[in-house]
$ cat work_2.txt   # compact mmCIF, C-alpha atoms and all ligand atoms
# COMPACT_ATOMS: atom_id res chain seq x y z
CA MET A 1 -6.04 -18.08 1.53
CA ASN A 2 -9.61 -17.68 2.68
CA LEU A 3 -10.34 -14.22 4.08
CA ASP A 4 -14.04 -14.72 4.83
CA GLY A 5 -15.26 -12.25 7.44
CA GLN A 6 -12.00 -10.27 7.58
CA THR A 7 -12.26 -6.52 7.09
CA CYS A 8 -9.41 -5.09 5.02
CA LEU A 9 -8.67 -1.42 4.44
CA VAL A 10 -6.46 -0.66 1.44
CA THR A 11 -5.30 2.94 1.26
CA GLY A 12 -5.08 4.39 -2.26
CA SER A 13 -7.09 1.64 -3.91
CA SER A 14 -8.93 3.63 -6.58
CA ARG A 15 -6.16 2.82 -9.08
CA GLY A 16 -2.99 0.84 -9.67
CA ILE A 17 -1.54 -1.66 -7.20
CA GLY A 18 -4.00 -0.75 -4.44
CA ARG A 19 -6.95 -1.42 -6.74
CA GLY A 20 -5.58 -4.85 -7.56
CA ILE A 21 -4.93 -5.63 -3.89
CA ALA A 22 -8.48 -4.64 -2.91
CA LEU A 23 -9.97 -6.76 -5.69
CA ASP A 24 -7.90 -9.82 -4.80
CA LEU A 25 -8.76 -9.53 -1.08
CA ALA A 26 -12.47 -9.22 -1.95
CA GLU A 27 -12.28 -12.27 -4.23
CA ARG A 28 -10.98 -14.22 -1.22
CA GLY A 29 -14.01 -13.25 0.87
CA ALA A 30 -12.86 -10.11 2.71
CA ASN A 31 -14.97 -7.02 3.34
CA VAL A 32 -12.97 -4.31 1.64
CA VAL A 33 -12.62 -0.58 2.23
CA VAL A 34 -11.57 1.17 -0.97
CA ASN A 35 -9.84 4.35 0.16
CA TYR A 36 -9.05 7.15 -2.28
CA ARG A 37 -8.03 10.80 -2.23
CA SER A 38 -9.63 12.25 -5.37
CA SER A 39 -10.58 9.42 -7.80
CA ALA A 40 -14.17 8.94 -6.60
CA ALA A 41 -15.28 7.43 -9.92
CA GLY A 42 -12.50 4.84 -9.86
CA ALA A 43 -13.27 3.88 -6.26
CA GLU A 44 -17.03 3.59 -6.91
CA ALA A 45 -16.43 1.52 -10.03
CA LEU A 46 -14.29 -0.91 -8.03
CA VAL A 47 -16.94 -1.17 -5.29
CA GLY A 48 -19.50 -1.92 -8.03
CA GLU A 49 -17.25 -4.61 -9.52
CA ILE A 50 -16.79 -6.27 -6.12
CA GLU A 51 -20.53 -6.14 -5.34
CA ASP A 52 -21.43 -7.55 -8.77
CA ALA A 53 -19.32 -10.59 -7.79
CA ASP A 54 -21.30 -10.86 -4.50
CA GLY A 55 -18.50 -9.31 -2.45
CA ARG A 56 -18.77 -6.55 0.14
CA ALA A 57 -17.02 -3.20 -0.20
CA ILE A 58 -17.37 0.50 0.52
CA ALA A 59 -15.56 3.50 -0.90
CA ALA A 60 -14.08 5.88 1.67
CA GLN A 61 -12.60 9.25 0.73
CA ALA A 62 -9.71 10.38 2.93
CA ASP A 63 -6.42 12.11 2.25
CA VAL A 64 -4.20 9.87 4.36
CA SER A 65 -1.81 12.74 5.05
CA GLN A 66 -4.62 14.45 7.04
CA PHE A 67 -5.18 12.90 10.47
CA GLU A 68 -8.77 14.22 10.73
CA ASP A 69 -9.64 12.62 7.37
CA VAL A 70 -8.41 9.25 8.62
CA GLU A 71 -10.36 9.59 11.87
CA ALA A 72 -13.52 10.35 9.86
CA MET A 73 -12.82 7.31 7.67
CA ARG A 74 -12.68 5.15 10.80
CA GLU A 75 -16.24 6.22 11.66
CA GLU A 76 -17.43 5.23 8.18
CA VAL A 77 -15.64 1.90 8.28
CA GLY A 78 -16.92 1.16 11.78
CA ALA A 79 -20.52 1.81 10.72
CA ALA A 80 -20.21 -0.45 7.67
CA PHE A 81 -18.04 -3.34 8.89
CA GLY A 82 -16.90 -2.79 12.50
CA GLU A 83 -13.22 -3.17 13.29
CA VAL A 84 -10.42 -3.51 10.76
CA ASP A 85 -8.41 -6.76 10.74
CA VAL A 86 -5.99 -5.94 7.92
CA LEU A 87 -4.53 -2.52 7.08
CA VAL A 88 -2.65 -2.22 3.80
CA ASN A 89 -0.76 1.09 3.73
CA ASN A 90 -0.49 1.37 -0.04
CA ALA A 91 -1.19 5.06 -0.86
CA GLY A 92 1.97 6.66 -2.15
CA ILE A 93 3.18 9.46 -4.42
CA THR A 94 6.34 10.61 -6.18
CA VAL A 95 7.74 14.08 -6.84
CA ASP A 96 10.92 13.20 -8.73
CA LYS A 97 13.86 15.59 -9.07
CA LYS A 98 17.61 15.44 -8.79
CA PHE A 99 18.53 16.35 -5.22
CA GLU A 100 20.18 19.61 -6.27
CA LYS A 101 16.79 20.78 -7.58
CA MET A 102 14.64 19.22 -4.85
CA THR A 103 12.94 21.86 -2.73
CA ARG A 104 11.90 21.51 0.87
CA GLU A 105 8.31 21.46 -0.41
CA ASP A 106 9.05 18.54 -2.79
CA TRP A 107 10.58 16.70 0.16
CA GLU A 108 7.73 17.35 2.57
CA THR A 109 4.95 16.61 0.07
CA VAL A 110 6.24 13.06 -0.39
CA ILE A 111 7.08 12.52 3.30
CA ASP A 112 3.60 13.71 4.34
CA VAL A 113 1.81 11.08 2.24
CA ASN A 114 4.24 8.15 2.14
CA LEU A 115 5.27 8.24 5.82
CA GLY A 116 2.80 10.69 7.42
CA GLY A 117 -0.09 8.76 5.87
CA VAL A 118 1.31 5.50 7.22
CA TYR A 119 1.61 7.02 10.69
CA ASN A 120 -1.96 8.40 10.55
CA CYS A 121 -3.63 5.19 9.35
CA THR A 122 -1.62 2.89 11.62
CA LYS A 123 -2.31 5.14 14.61
CA VAL A 124 -6.05 5.36 14.00
CA PHE A 125 -6.51 1.61 13.35
CA TYR A 126 -3.82 0.35 15.75
CA ASP A 127 -6.13 -0.92 18.48
CA ASP A 128 -8.24 -2.74 15.86
CA LEU A 129 -5.17 -4.51 14.47
CA ARG A 130 -3.82 -5.53 17.85
CA GLU A 131 -7.16 -6.82 19.05
CA ALA A 132 -8.03 -8.70 15.85
CA GLU A 133 -7.61 -12.46 15.92
CA HIS A 134 -5.09 -12.28 13.08
CA GLY A 135 -4.30 -8.56 12.86
CA ARG A 136 -2.15 -7.66 9.87
CA LEU A 137 -0.25 -4.45 9.15
CA ILE A 138 1.08 -4.54 5.58
CA ASN A 139 3.16 -1.62 4.33
CA ILE A 140 3.83 -1.26 0.62
CA SER A 141 7.44 -0.20 0.24
CA SER A 142 9.58 -0.44 -2.93
CA VAL A 143 12.82 -1.81 -4.32
CA VAL A 144 13.75 1.88 -4.44
CA GLY A 145 13.84 1.83 -0.62
CA GLN A 146 16.42 -0.96 -0.86
CA GLN A 147 18.58 0.37 -3.70
CA GLY A 148 17.89 4.10 -3.95
CA ASN A 149 17.03 5.54 -7.37
CA TYR A 150 18.27 8.52 -9.33
CA GLY A 151 15.92 11.51 -8.84
CA GLN A 152 14.02 9.92 -5.97
CA ALA A 153 15.83 10.94 -2.76
CA ASN A 154 12.53 11.92 -1.11
CA TYR A 155 10.65 8.81 -2.26
CA ALA A 156 13.53 6.43 -1.44
CA ALA A 157 13.79 7.92 2.06
CA THR A 158 10.10 7.19 2.67
CA LYS A 159 10.30 3.65 1.32
CA SER A 160 13.43 2.83 3.40
CA GLY A 161 11.77 4.47 6.39
CA LEU A 162 9.01 1.88 6.20
CA PHE A 163 11.53 -0.89 6.95
CA GLY A 164 12.43 0.51 10.38
CA PHE A 165 8.82 1.42 11.11
CA THR A 166 7.57 -2.04 10.19
CA ARG A 167 10.22 -3.90 12.18
CA THR A 168 9.50 -1.81 15.26
CA LEU A 169 5.75 -2.31 14.94
CA ALA A 170 6.34 -6.04 14.47
CA LEU A 171 8.01 -6.09 17.90
CA GLU A 172 5.34 -3.98 19.54
CA MET A 173 2.40 -5.88 18.02
CA ALA A 174 3.75 -9.37 18.63
CA ALA A 175 2.28 -9.80 22.10
CA THR A 176 -1.24 -10.15 20.67
CA GLY A 177 -0.21 -12.36 17.73
CA SER A 178 -0.68 -9.60 15.17
CA THR A 179 2.02 -9.11 12.53
CA ALA A 180 3.63 -6.28 10.57
CA ASN A 181 5.40 -6.82 7.25
CA CYS A 182 6.52 -4.87 4.19
CA VAL A 183 5.92 -5.88 0.61
CA ALA A 184 8.52 -4.19 -1.59
CA PRO A 185 7.60 -4.36 -5.29
CA GLY A 186 10.00 -3.69 -8.11
CA PHE A 187 8.71 -1.58 -11.01
CA VAL A 188 5.01 -2.17 -11.72
CA THR A 189 3.01 -1.04 -14.74
CA THR A 190 0.73 1.62 -13.23
CA ASP A 191 0.20 5.38 -13.63
CA MET A 192 3.23 5.90 -11.35
CA LEU A 193 5.55 4.09 -13.76
CA ASP A 194 3.92 5.86 -16.74
CA GLU A 195 5.22 9.14 -15.35
CA VAL A 196 8.82 7.90 -15.74
CA PRO A 197 10.29 8.99 -19.11
CA LYS A 198 10.46 6.14 -21.66
CA ARG A 199 14.27 6.27 -21.97
CA VAL A 200 14.56 5.85 -18.18
CA GLN A 201 12.06 2.96 -18.28
CA GLU A 202 14.22 1.24 -20.91
CA LYS A 203 17.29 1.64 -18.68
CA ILE A 204 15.44 0.17 -15.68
CA LEU A 205 14.18 -2.74 -17.77
CA ARG A 206 17.75 -3.72 -18.64
CA GLU A 207 18.41 -4.15 -14.90
CA ILE A 208 15.54 -6.58 -14.26
CA PRO A 209 16.71 -10.22 -14.45
CA LEU A 210 13.20 -11.48 -15.30
CA ASP A 211 13.27 -9.01 -18.21
CA ARG A 212 9.84 -7.42 -17.70
CA PHE A 213 8.06 -4.96 -15.46
CA ALA A 214 5.68 -6.44 -12.88
CA THR A 215 1.97 -6.52 -13.48
CA VAL A 216 -0.34 -5.53 -10.64
CA GLU A 217 -1.31 -9.21 -10.39
CA ASP A 218 2.32 -10.14 -9.68
CA ILE A 219 1.95 -8.24 -6.40
CA THR A 220 -1.62 -8.88 -5.28
CA GLY A 221 -1.48 -12.60 -4.48
CA ILE A 222 1.55 -12.04 -2.27
CA VAL A 223 -0.25 -9.31 -0.33
CA SER A 224 -3.25 -11.62 0.12
CA PHE A 225 -0.92 -14.32 1.43
CA VAL A 226 0.50 -11.87 4.00
CA ALA A 227 -3.07 -10.89 4.93
CA SER A 228 -4.06 -14.51 5.48
CA GLU A 229 -3.71 -16.90 8.38
CA ALA A 230 -1.11 -18.81 6.33
CA SER A 231 1.48 -16.11 7.18
CA SER A 232 0.86 -16.20 10.96
CA TYR A 233 4.51 -16.90 11.91
CA MET A 234 6.02 -14.29 9.60
CA THR A 235 6.55 -10.81 11.02
CA GLY A 236 8.98 -7.91 10.59
CA GLN A 237 9.91 -9.07 7.08
CA VAL A 238 10.53 -7.26 3.82
CA ILE A 239 9.13 -9.36 1.00
CA GLY A 240 10.75 -8.32 -2.25
CA VAL A 241 8.71 -8.85 -5.43
CA ASN A 242 11.07 -7.36 -7.96
CA GLY A 243 11.92 -9.78 -10.76
CA GLY A 244 15.34 -10.47 -9.21
CA MET A 245 16.55 -6.87 -8.90
CA GLU A 246 17.40 -7.20 -5.19
CA TRP A 247 17.73 -9.86 -2.53
N1 LIG A 301 4.22 1.44 -9.63
C1 LIG A 301 5.40 1.04 -9.20
O1 LIG A 301 6.32 0.78 -9.99
C2 LIG A 301 5.65 0.84 -7.73
C3 LIG A 301 6.79 0.10 -7.35
C4 LIG A 301 7.05 -0.12 -6.02
C5 LIG A 301 6.19 0.39 -5.06
N2 LIG A 301 5.10 1.10 -5.44
C6 LIG A 301 4.24 1.61 -4.37
O2 LIG A 301 2.96 1.04 -4.49
C7 LIG A 301 1.98 1.95 -4.03
C8 LIG A 301 0.93 2.16 -5.12
O3 LIG A 301 1.59 2.64 -6.27
P1 LIG A 301 0.84 2.73 -7.69
O4 LIG A 301 1.88 2.57 -8.72
O5 LIG A 301 -0.36 1.88 -7.70
O6 LIG A 301 0.41 4.26 -7.67
P2 LIG A 301 -0.71 5.04 -8.52
O7 LIG A 301 -1.12 4.24 -9.69
O8 LIG A 301 -0.16 6.42 -8.73
O9 LIG A 301 -1.96 5.11 -7.50
C9 LIG A 301 -1.79 5.78 -6.30
C10 LIG A 301 -2.99 5.55 -5.41
O10 LIG A 301 -2.74 6.21 -4.16
C11 LIG A 301 -3.80 7.11 -3.90
N3 LIG A 301 -3.31 8.25 -3.15
C12 LIG A 301 -2.30 9.09 -3.45
N4 LIG A 301 -2.17 10.02 -2.50
C13 LIG A 301 -3.13 9.76 -1.57
C14 LIG A 301 -3.50 10.37 -0.36
N5 LIG A 301 -2.88 11.47 0.11
N6 LIG A 301 -4.53 9.84 0.33
C15 LIG A 301 -5.18 8.74 -0.12
N7 LIG A 301 -4.87 8.11 -1.27
C16 LIG A 301 -3.85 8.64 -1.99
C17 LIG A 301 -4.35 7.49 -5.24
O11 LIG A 301 -5.68 7.97 -5.06
P3 LIG A 301 -6.39 8.94 -6.17
O12 LIG A 301 -6.67 8.06 -7.35
O13 LIG A 301 -7.63 9.40 -5.50
O14 LIG A 301 -5.40 10.02 -6.47
C18 LIG A 301 -4.26 6.14 -5.97
O15 LIG A 301 -5.35 5.32 -5.61
C19 LIG A 301 2.73 3.22 -3.64
O16 LIG A 301 3.00 3.23 -2.26
C20 LIG A 301 4.02 3.10 -4.41
O17 LIG A 301 5.05 3.80 -3.80
C21 LIG A 301 4.81 1.33 -6.74
$ encode --input "work_2.txt" --output "structure tokens"
Amino acid sequence: MNLDGQTCLVTGSSRGIGRGIALDLAERGANVVVNYRSSAAGAEALVGEIEDADGRAIAAQADVSQFEDVEAMREEVGAAFGEVDVLVNNAGITVDKKFEKMTREDWETVIDVNLGGVYNCTKVFYDDLREAEHGRLINISSVVGQQGNYGQANYAATKSGLFGFTRTLALEMAATGSTANCVAPGFVTTDMLDEVPKRVQEKILREIPLDRFATVEDITGIVSFVASEASSYMTGQVIGVNGGMEW
């Protein structure tokens, strides 16, 4: 899975799964764009770590829910590396509440980042992906998009929405040999999972056949595989990485 010379943009890669994905792509030779919304220190630290290992990376601040921010990020990326070959739409948030308490604002906040951000980034980098030799659109969904989850109607709607979006883009991108796929992790030990109350975490754990939460590293190698030439004939797929919770 050599990614020498490929330019990969990972949204929301200052922390968590995105950070791990960016690091793994860089270790395989890619030029990496570390996008973040507010964690500048985390993003700069990751760029430093990649450069210390003789990799190439830049940090790029942009709130993916803001189209103008994403357009400005494209200018920065273009100046540093040229066109983007691989876009990993990873940035995502939760605002968890039972539906009876969920306000319109709770709904829209999550939709704006988890789906609006995917629209914005895919739109702005679409021509790059289609024209790249092995263009890759990789959307990070969730097992919650497959199963639903108590208190996450807004989040589950966004993560299911990515399935239809990805399959449609797979059809529309196919003519140039570029691909679109979803990676759908189960529950991964990051800040996002930390926000879930411990008693709920224990309940989830009982439902995971492999009997543990995923580490970030359980996800990153699979994303790098999808980013690589080795996955050239795979498109429109949902790749579950969930310890056996769903298939
Ligand atoms: N953790 C899980 O159990 C799990 C399971 C399945 C799927 N996922 C999905 O995996 C992805 C990453 O999750 P995670 O657990 O790594 O989350 P996390 O630890 O909360 O990190 C979220 C990342 O997204 C960035 N971000 C949030 N809103 C943004 C915005 N508007 N614009 C740009 N960046 C933004 C954050 O940047 P700042 O640091 O600047 O805020 C941070 O880098 C999400 O799409 C999530 O839905 C997670």
$ closest_residue --input "work_2.txt" --among "A:Ala79, A:Val124, A:Leu9, A:Ala57" --to "Glu44 in chain A" --atoms "all atoms listed in the file"
A:Ala57
$ axis_aligned_box --input "work_2.txt" --around "ligand LIG 301 (chain A)" --padding-each-side "3 Å" --output "lines of an AutoDock Vina configuration file"
center_x = -0.3
center_y = 5.7
center_z = -4.8
size_x = 20.7
size_y = 17.6
size_z = 16.3
$ atom_distance --input "work_2.txt" --atom1 "CA of Gly5 in chain A" --atom2 "CA of Phe225 in chain A"
15.7 Å
$ residues_near_ligand --input "work_2.txt" --ligand "ligand LIG 301 (chain A)" --cutoff "6 Å" --atoms "only C-alpha atoms and all ligand atoms" --output "mmCIF file with C-alpha atoms, in the frame of the given file"
data_model
loop_
_atom_site.group_PDB
_atom_site.id
_atom_site.type_symbol
_atom_site.label_atom_id
_atom_site.label_comp_id
_atom_site.auth_asym_id
_atom_site.auth_seq_id
_atom_site.Cartn_x
_atom_site.Cartn_y
_atom_site.Cartn_z
ATOM 1 C CA THR A 11 -5.300 2.940 1.260
ATOM 2 C CA GLY A 12 -5.080 4.390 -2.260
ATOM 3 C CA SER A 13 -7.090 1.640 -3.910
ATOM 4 C CA SER A 14 -8.930 3.630 -6.580
ATOM 5 C CA ARG A 15 -6.160 2.820 -9.080
ATOM 6 C CA GLY A 16 -2.990 0.840 -9.670
ATOM 7 C CA ILE A 17 -1.540 -1.660 -7.200
ATOM 8 C CA GLY A 18 -4.000 -0.750 -4.440
ATOM 9 C CA TYR A 36 -9.050 7.150 -2.280
ATOM 10 C CA ARG A 37 -8.030 10.800 -2.230
ATOM 11 C CA SER A 38 -9.630 12.250 -5.370
ATOM 12 C CA SER A 39 -10.580 9.420 -7.800
ATOM 13 C CA ALA A 62 -9.710 10.380 2.930
ATOM 14 C CA ASP A 63 -6.420 12.110 2.250
ATOM 15 C CA VAL A 64 -4.200 9.870 4.360
ATOM 16 C CA SER A 65 -1.810 12.740 5.050
ATOM 17 C CA ASN A 90 -0.490 1.370 -0.040
ATOM 18 C CA ALA A 91 -1.190 5.060 -0.860
ATOM 19 C CA GLY A 92 1.970 6.660 -2.150
ATOM 20 C CA ILE A 93 3.180 9.460 -4.420
ATOM 21 C CA VAL A 113 1.810 11.080 2.240
ATOM 22 C CA ILE A 140 3.830 -1.260 0.620
ATOM 23 C CA SER A 141 7.440 -0.200 0.240
ATOM 24 C CA SER A 142 9.580 -0.440 -2.930
ATOM 25 C CA PRO A 185 7.600 -4.360 -5.290
ATOM 26 C CA GLY A 186 10.000 -3.690 -8.110
ATOM 27 C CA PHE A 187 8.710 -1.580 -11.010
ATOM 28 C CA VAL A 188 5.010 -2.170 -11.720
ATOM 29 C CA THR A 189 3.010 -1.040 -14.740
ATOM 30 C CA THR A 190 0.730 1.620 -13.230
ATOM 31 C CA ASP A 191 0.200 5.380 -13.630
ATOM 32 C CA MET A 192 3.230 5.900 -11.350
ATOM 33 C CA LEU A 193 5.550 4.090 -13.760
#
$ atom_distance --input "work_2.txt" --atom1 "CA of Val216 in chain A" --atom2 "CA of Arg19 in chain A"
8.7 Å
$ atom_distance --input "work_2.txt" --atom1 "CA of Gly135 in chain A" --atom2 "CA of Asp85 in chain A"
5.0 Å
$ closest_residue --input "work_2.txt" --among "A:Ala59, A:Ala41, A:Ala230, A:Met245" --to "Ile204 in chain A" --atoms "all atoms listed in the file"
A:Met245
$ residues_near_point --input "work_2.txt" --point "(-6.2, -8.2, -2.5)" --cutoff "7 Å" --atoms "only C-alpha atoms" --output "PyMOL selection string"
chain A and resi 20-26+220-221+223-224
$ residues_around --input "work_2.txt" --residues "Met73 in chain A" --least-positions-apart "3" --cutoff "9 Å" --atoms "only C-alpha atoms" --output "VMD selection string"
chain A and resid 35 60 to 62 68 to 70 76 to 78
$ decode --input "work_2.txt" --residues "range 19-113 of chain A" --atoms "C-alpha atoms" --output "CSV table (one decimal), in the first residue's frame"
chain,number,residue,atom,x,y,z
A,19,ARG,CA,-5.4,11.9,13.3
A,20,GLY,CA,-4.7,8.2,13.0
A,21,ILE,CA,-5.7,8.1,9.4
A,22,ALA,CA,-3.5,11.0,8.5
A,23,LEU,CA,-0.5,9.5,10.3
A,24,ASP,CA,-1.0,6.1,8.6
A,25,LEU,CA,-1.3,7.7,5.1
A,26,ALA,CA,1.8,9.8,5.7
A,27,GLU,CA,3.8,6.7,6.8
A,28,ARG,CA,2.9,5.1,3.5
A,29,GLY,CA,4.4,8.1,1.6
A,30,ALA,CA,1.4,10.4,1.0
A,31,ASN,CA,1.5,14.2,1.3
A,32,VAL,CA,-1.1,14.9,4.0
A,33,VAL,CA,-3.4,17.8,4.7
A,34,VAL,CA,-4.3,17.9,8.4
A,35,ASN,CA,-7.6,19.7,8.5
A,36,TYR,CA,-9.1,20.9,11.8
A,37,ARG,CA,-11.7,23.3,13.1
A,38,SER,CA,-10.3,24.6,16.4
A,39,SER,CA,-7.5,22.3,17.6
A,40,ALA,CA,-4.6,24.2,16.1
A,41,ALA,CA,-2.1,22.8,18.6
A,42,GLY,CA,-3.1,19.2,17.9
A,43,ALA,CA,-2.9,19.7,14.1
A,44,GLU,CA,0.5,21.4,14.3
A,45,ALA,CA,1.8,18.6,16.6
A,46,LEU,CA,0.7,16.0,14.1
A,47,VAL,CA,2.4,17.9,11.2
A,48,GLY,CA,5.6,18.1,13.3
A,49,GLU,CA,5.4,14.3,14.0
A,50,ILE,CA,5.0,13.5,10.3
A,51,GLU,CA,7.8,15.9,9.3
A,52,ASP,CA,10.2,14.4,11.9
A,53,ALA,CA,9.7,11.1,10.2
A,54,ASP,CA,10.6,12.7,6.8
A,55,GLY,CA,7.0,12.9,5.6
A,56,ARG,CA,5.2,15.9,4.1
A,57,ALA,CA,2.2,17.5,5.7
A,58,ILE,CA,0.4,20.9,6.3
A,59,ALA,CA,-2.2,21.9,8.8
A,60,ALA,CA,-5.2,23.6,7.3
A,61,GLN,CA,-7.9,25.3,9.4
A,62,ALA,CA,-11.4,25.1,8.0
A,63,ASP,CA,-14.8,24.5,9.5
A,64,VAL,CA,-16.1,22.0,6.9
A,65,SER,CA,-19.7,23.2,7.5
A,66,GLN,CA,-18.7,26.6,5.9
A,67,PHE,CA,-18.3,26.5,2.1
A,68,GLU,CA,-16.1,29.5,2.0
A,69,ASP,CA,-13.7,27.9,4.6
A,70,VAL,CA,-13.4,24.9,2.4
A,71,GLU,CA,-12.8,27.0,-0.7
A,72,ALA,CA,-10.0,28.9,1.2
A,73,MET,CA,-8.5,25.5,2.2
A,74,ARG,CA,-8.3,24.5,-1.4
A,75,GLU,CA,-6.1,27.5,-2.2
A,76,GLU,CA,-3.8,26.5,0.7
A,77,VAL,CA,-3.6,22.9,-0.4
A,78,GLY,CA,-3.1,23.8,-4.0
A,79,ALA,CA,-0.2,26.1,-3.1
A,80,ALA,CA,1.5,23.4,-1.0
A,81,PHE,CA,0.8,20.2,-2.9
A,82,GLY,CA,-1.3,20.8,-6.0
A,83,GLU,CA,-4.4,18.7,-6.6
A,84,VAL,CA,-5.9,16.3,-4.1
A,85,ASP,CA,-6.0,12.6,-5.0
A,86,VAL,CA,-7.7,11.2,-1.9
A,87,LEU,CA,-10.4,13.0,0.2
A,88,VAL,CA,-11.3,11.4,3.5
A,89,ASN,CA,-14.5,13.0,4.8
A,90,ASN,CA,-13.9,12.1,8.5
A,91,ALA,CA,-14.9,15.3,10.4
A,92,GLY,CA,-18.0,14.5,12.5
A,93,ILE,CA,-19.8,15.5,15.6
A,94,THR,CA,-22.6,14.3,17.9
A,95,VAL,CA,-25.3,16.2,19.8
A,96,ASP,CA,-27.0,13.2,21.6
A,97,LYS,CA,-30.6,13.5,23.0
A,98,LYS,CA,-33.7,11.4,23.0
A,99,PHE,CA,-35.8,12.4,20.0
A,100,GLU,CA,-38.5,13.9,22.2
A,101,LYS,CA,-35.9,16.4,23.6
A,102,MET,CA,-34.1,16.9,20.3
A,103,THR,CA,-34.5,20.5,19.0
A,104,ARG,CA,-34.4,21.7,15.5
A,105,GLU,CA,-31.1,23.3,16.4
A,106,ASP,CA,-29.6,20.0,17.7
A,107,TRP,CA,-30.7,18.4,14.4
A,108,GLU,CA,-29.3,21.0,12.1
A,109,THR,CA,-26.0,21.4,14.0
A,110,VAL,CA,-25.2,17.7,13.3
A,111,ILE,CA,-26.5,17.7,9.8
A,112,ASP,CA,-24.5,20.8,8.9
A,113,VAL,CA,-21.2,19.2,9.8
